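Student: Below you will find the structure I want to go over with you.
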Amino acid sequence: MKPGRQLLSMEERQELLASLHPDWQSTADESAISRLVKVSDFDQALRLVKRCAALAEQHNHHPDIRFGWGYVEVSYTSHDVHGLTVRDARSARALDAIIAELVDTTD
């Protein structure tokens with residue numbers, strides 16, 4: 001198996017969620033994590049999606065992204081192993097930093 005492609009244990013998944021922004025949630029089957037980010041308008045949503053896409057290319061790990069006026073939802077999973085790996089953890093942490101820089105999340 002290639003490095004970084006081993007599934008996270010239950011304990012590692014719990015540690016991952018505890019280390020991320022509190023808006024990250026695990027799916028019911030714990031095979032993915034997702035974060036819904038509220039933004040001010042469509043332009044800000046698109047800017048965040050573009051930064052997320054650049055991060056995905058940099059990490060060679062591509063999330064599922066949904067967006068529209070006022071929101072961006074990003075989900076990470078490692079499709080090749082059907083669950084969460086260190087690749088998802090690394091990408092989610094990096095995305096948290098991008099969101100903190102780009103989006104005012106104080107309501």
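Ordering of the structure tokens sets the chain letters (A, B, ...), residue numbers begin anew at 1 in every chain, and ligands are numbered from 1 in the order given.
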Using backbone DSSP assignments, extract all helix (DSSP H, G or I) residues from chain A; output them as a PyMOL selection string.

Tutor: chain A and resi 10-19+42-59+86-102

Student: Please list as an NGL selection string every residue within 12 Å of A:Gly83, counting only C-alpha atoms and excluding residues in the same chain fewer than 5 positions away.

Tutor: :A and (4-10 or 13 or 26-33 or 75-78 or 88-89)

Student: Residues within 7 Å of A:Arg35, please, as a count of residues only. Count only C-alpha atoms; anything in the same chain fewer than 5 positions from it doesn't count.

Tutor: 6

Student: With distances taken over only C-alpha atoms, which of A:Leu16, A:Val86, A:Phe67, A:Gln58 is nearest to A:Val39?

Tutor: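 Comparing A:Leu16, A:Val86, A:Phe67, A:Gln58 against A:Val39, the winner is A:Phe67.
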
Student: Which neighbours of A:Ala53 fall inside 12 Å, counting only C-alpha atoms, when residues of the same chain fewer than 6 positions from it are skipped, and could you give them as a count of residues only?

Tutor: 13

Student: With distances taken over only C-alpha atoms, which residue among A:Val103, A:Cys52, A:Tyr71, A:Ala97 lies nearest A:Leu36?

Tutor: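 Among A:Val103, A:Cys52, A:Tyr71, A:Ala97, it is A:Tyr71 that comes nearest to A:Leu36.
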
Student: Among chain A, which ones does DSSP assign to strand (DSSP E or B) (computed from the backbone)? Answer as a PyMOL selection string.

Tutor: chain A and resi 24-26+33-38+64-68+71-76+78+83

Student: If I take atom CA of A:Val37 and atom CA of A:Arg87, how far is one from the other in Å, to one decimal?

Tutor: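 Those two atoms sit 20.7 Å apart.
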
Student: Atom CA of A:Gly70 to atom CA of A:Ala45: how many Å, to one decimal?

Tutor: 6.4 Å

Student: Which residue is closest to A:Lys50? Choose from A:Glu11, A:Asp104, A:Pro22, A:Ile99 and count only C-alpha atoms.

Tutor: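 Selected residue with least distance to A:Lys50: A:Ile99.
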
Student: Just to confirm, what's the straight-line distance from atom CA of A:Arg66 to atom CA of A:Asp41 in Å (one decimal)?

Tutor: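 About the pair atom CA of A:Arg66 and atom CA of A:Asp41: they are 14.3 Å apart.
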
Student: A:Ala56, A:Val81, A:Val72, A:Ala92: which is nearest A:Asp43, counting only C-alpha atoms?

Tutor: A:Val72
